[in-house]
>>> print(open('start-v1.cif').read())   # mmCIF, C-alpha atoms
data_run
#
loop_
_atom_site.group_PDB
_atom_site.id
_atom_site.type_symbol
_atom_site.label_atom_id
_atom_site.label_comp_id
_atom_site.auth_asym_id
_atom_site.auth_seq_id
_atom_site.Cartn_x
_atom_site.Cartn_y
_atom_site.Cartn_z
ATOM 1 C CA MET A 60 22.139 1.834 -15.500
ATOM 2 C CA SER A 61 18.575 0.700 -14.847
ATOM 3 C CA GLN A 62 16.330 2.561 -12.445
ATOM 4 C CA GLN A 63 14.107 0.912 -9.853
ATOM 5 C CA LYS A 64 10.449 1.034 -10.940
ATOM 6 C CA LYS A 65 8.203 2.645 -8.329
ATOM 7 C CA LEU A 66 4.490 2.688 -7.588
ATOM 8 C CA SER A 67 2.782 5.019 -5.112
ATOM 9 C CA LEU A 68 -0.794 4.385 -3.992
ATOM 10 C CA ILE A 69 -3.108 6.552 -1.884
ATOM 11 C CA ALA A 70 -5.630 4.911 0.448
ATOM 12 C CA PHE A 71 -8.238 7.635 0.911
ATOM 13 C CA SER A 72 -10.933 5.473 2.477
ATOM 14 C CA GLY A 73 -10.972 2.892 5.234
ATOM 15 C CA ASP A 74 -13.632 0.771 3.496
ATOM 16 C CA PHE A 75 -12.714 -2.887 3.185
ATOM 17 C CA ASP A 76 -13.283 -3.088 -0.584
ATOM 18 C CA LYS A 77 -11.114 -0.042 -1.312
ATOM 19 C CA LEU A 78 -8.310 -1.208 0.991
ATOM 20 C CA THR A 79 -8.446 -4.633 -0.656
ATOM 21 C CA ALA A 80 -7.867 -2.991 -4.041
ATOM 22 C CA VAL A 81 -4.928 -0.952 -2.713
ATOM 23 C CA PHE A 82 -3.249 -3.977 -1.126
ATOM 24 C CA THR A 83 -3.905 -6.153 -4.195
ATOM 25 C CA LEU A 84 -2.221 -3.601 -6.469
ATOM 26 C CA ALA A 85 0.657 -3.174 -4.017
ATOM 27 C CA THR A 86 1.232 -6.919 -3.678
ATOM 28 C CA GLY A 87 1.154 -7.482 -7.431
ATOM 29 C CA ALA A 88 3.559 -4.617 -8.106
ATOM 30 C CA ALA A 89 5.962 -5.782 -5.400
ATOM 31 C CA ALA A 90 5.870 -9.309 -6.823
ATOM 32 C CA VAL A 91 7.192 -8.096 -10.192
ATOM 33 C CA GLY A 92 9.923 -5.921 -8.686
ATOM 34 C CA TYR A 93 8.391 -2.495 -8.094
ATOM 35 C CA GLU A 94 9.174 -0.431 -5.030
ATOM 36 C CA VAL A 95 5.729 0.313 -3.542
ATOM 37 C CA ASN A 96 4.680 3.204 -1.293
ATOM 38 C CA ILE A 97 1.208 3.383 0.248
ATOM 39 C CA PHE A 98 -0.019 6.666 1.694
ATOM 40 C CA PHE A 99 -2.983 6.587 4.066
ATOM 41 C CA TYR A 100 -4.879 9.861 3.678
ATOM 42 C CA LEU A 101 -7.832 11.165 5.738
ATOM 43 C CA LEU A 102 -10.236 8.264 6.356
ATOM 44 C CA GLY A 103 -7.722 5.774 4.996
ATOM 45 C CA ALA A 104 -5.555 6.512 8.028
ATOM 46 C CA LYS A 105 -8.336 5.190 10.272
ATOM 47 C CA CYS A 106 -8.117 1.674 8.823
ATOM 48 C CA GLY A 107 -6.007 0.590 11.810
ATOM 49 C CA GLU A 108 -8.648 1.552 14.369
ATOM 50 C CA GLY A 109 -11.303 -0.699 15.813
ATOM 51 C CA LYS A 110 -11.356 -4.497 15.815
ATOM 52 C CA THR A 111 -9.550 -4.882 12.506
ATOM 53 C CA ARG A 112 -5.996 -3.638 12.271
ATOM 54 C CA ALA A 113 -3.913 -3.360 9.132
ATOM 55 C CA ILE A 114 -0.365 -4.608 9.473
ATOM 56 C CA ILE A 115 1.981 -2.591 7.331
ATOM 57 C CA LEU A 116 5.341 -4.154 6.594
ATOM 58 C CA ARG A 117 8.177 -2.310 4.966
ATOM 59 C CA LYS A 118 10.192 -4.943 3.167
ATOM 60 C CA ARG A 119 11.927 -4.912 -0.159
ATOM 61 C CA ILE A 120 11.240 -8.045 -2.150
ATOM 62 C CA PRO A 121 14.124 -8.989 -4.456
ATOM 63 C CA ALA A 122 13.229 -9.274 -8.129
#
>>> encode(input="start-v1.cif", output="structure tokens")
Amino acid sequence: MSQQKKLSLIAFSGDFDKLTAVFTLATGAAAVGYEVNIFFYLLGAKCGEGKTRAIILRKRIPA
């Protein structure tokens, strides 16, 4: 029995460059079959405020 590979990332800052890195890692991991969890902590939780809003989709991509 094979287990699902998982990756958990923590977004601790709402800065564009740091969020870009988090979403790049998450997209790459999901593309090769990992289950990805992103946690928005402290200032990372504020990334959805203001003019720019992050759209978070929960979708399992088949391997």
>>> atom_distance(input="start-v1.cif", atom1="CA of Tyr100 (chain A)", atom2="CA of Gln62 (chain A)")
27.6 Å
>>> resolve_selection(input="start-v1.cif", expression="the PyMOL selection byres ((chain A and resi 93-97) around 6)", output="list of chain:residue names")
A:Lys64, A:Lys65, A:Leu66, A:Ser67, A:Leu68, A:Ile69, A:Ala88, A:Ala89, A:Gly92, A:Phe98
>>> write_last_selection(input="start-v1.cif", atoms="C-alpha atoms", output="PDB file, in the frame of the given file")
ATOM      1  CA  LYS A  64      10.449   1.034 -10.940  1.00  0.00           C
ATOM      2  CA  LYS A  65       8.203   2.645  -8.329  1.00  0.00           C
ATOM      3  CA  LEU A  66       4.490   2.688  -7.588  1.00  0.00           C
ATOM      4  CA  SER A  67       2.782   5.019  -5.112  1.00  0.00           C
ATOM      5  CA  LEU A  68      -0.794   4.385  -3.992  1.00  0.00           C
ATOM      6  CA  ILE A  69      -3.108   6.552  -1.884  1.00  0.00           C
ATOM      7  CA  ALA A  88       3.559  -4.617  -8.106  1.00  0.00           C
ATOM      8  CA  ALA A  89       5.962  -5.782  -5.400  1.00  0.00           C
ATOM      9  CA  GLY A  92       9.923  -5.921  -8.686  1.00  0.00           C
ATOM     10  CA  PHE A  98      -0.019   6.666   1.694  1.00  0.00           C
TER      11      PHE A  98
END
>>> atom_distance(input="start-v1.cif", atom1="CA of Gly87 (chain A)", atom2="CA of Phe99 (chain A)")
18.6 Å
>>> axis_aligned_box(input="start-v1.cif", around="region 64-79 of chain A", padding_each_side="5 Å", output="AutoDock Vina command-line options")
--center_x -1.6 --center_y 1.5 --center_z -2.9 --size_x 34.1 --size_y 22.3 --size_z 26.2
>>> atom_distance(input="start-v1.cif", atom1="CA of Phe71 (chain A)", atom2="CA of Val91 (chain A)")
24.7 Å
>>> build_atoms(input="start-v1.cif", residues="region 63-85 of chain A", atoms="N, CA and C atoms", output="compact mmCIF listing (two decimals), in the coordinates of the input")
# COMPACT_ATOMS: atom_id res chain seq x y z
N GLN A 63 15.12 1.69 -10.55
CA GLN A 63 14.11 0.91 -9.85
C GLN A 63 12.72 1.46 -10.22
N LYS A 64 11.82 0.60 -10.65
CA LYS A 64 10.45 1.03 -10.94
C LYS A 64 9.73 1.24 -9.62
N LYS A 65 8.89 2.29 -9.57
CA LYS A 65 8.20 2.64 -8.33
C LYS A 65 6.71 2.81 -8.57
N LEU A 66 5.94 2.50 -7.56
CA LEU A 66 4.49 2.69 -7.59
C LEU A 66 4.07 3.30 -6.26
N SER A 67 3.33 4.39 -6.32
CA SER A 67 2.78 5.02 -5.11
C SER A 67 1.27 4.95 -5.18
N LEU A 68 0.66 4.51 -4.08
CA LEU A 68 -0.79 4.38 -3.99
C LEU A 68 -1.29 5.23 -2.82
N ILE A 69 -2.50 5.77 -2.95
CA ILE A 69 -3.11 6.55 -1.88
C ILE A 69 -4.38 5.85 -1.42
N ALA A 70 -4.42 5.49 -0.15
CA ALA A 70 -5.63 4.91 0.45
C ALA A 70 -6.41 6.06 1.08
N PHE A 71 -7.49 6.47 0.44
CA PHE A 71 -8.24 7.64 0.91
C PHE A 71 -9.49 7.24 1.65
N SER A 72 -9.75 5.95 1.78
CA SER A 72 -10.93 5.47 2.48
C SER A 72 -10.57 4.23 3.27
N GLY A 73 -11.22 4.06 4.41
CA GLY A 73 -10.97 2.89 5.23
C GLY A 73 -11.91 1.74 4.93
N ASP A 74 -12.70 1.84 3.86
CA ASP A 74 -13.63 0.77 3.50
C ASP A 74 -12.86 -0.48 3.07
N PHE A 75 -13.39 -1.62 3.45
CA PHE A 75 -12.71 -2.89 3.18
C PHE A 75 -12.46 -3.10 1.70
N ASP A 76 -13.45 -2.83 0.85
CA ASP A 76 -13.28 -3.09 -0.58
C ASP A 76 -12.22 -2.19 -1.21
N LYS A 77 -12.12 -0.95 -0.76
CA LYS A 77 -11.11 -0.04 -1.31
C LYS A 77 -9.71 -0.39 -0.81
N LEU A 78 -9.61 -0.79 0.47
CA LEU A 78 -8.31 -1.21 0.99
C LEU A 78 -7.85 -2.51 0.34
N THR A 79 -8.80 -3.39 0.04
CA THR A 79 -8.45 -4.63 -0.66
C THR A 79 -7.84 -4.33 -2.02
N ALA A 80 -8.41 -3.37 -2.74
CA ALA A 80 -7.87 -2.99 -4.04
C ALA A 80 -6.46 -2.41 -3.91
N VAL A 81 -6.25 -1.56 -2.92
CA VAL A 81 -4.93 -0.95 -2.71
C VAL A 81 -3.89 -2.03 -2.41
N PHE A 82 -4.22 -2.94 -1.49
CA PHE A 82 -3.25 -3.98 -1.13
C PHE A 82 -3.05 -5.00 -2.24
N THR A 83 -4.07 -5.25 -3.06
CA THR A 83 -3.90 -6.15 -4.20
C THR A 83 -2.95 -5.56 -5.22
N LEU A 84 -3.13 -4.28 -5.54
CA LEU A 84 -2.22 -3.60 -6.47
C LEU A 84 -0.79 -3.56 -5.91
N ALA A 85 -0.67 -3.26 -4.63
CA ALA A 85 0.66 -3.17 -4.02
C ALA A 85 1.36 -4.53 -4.02
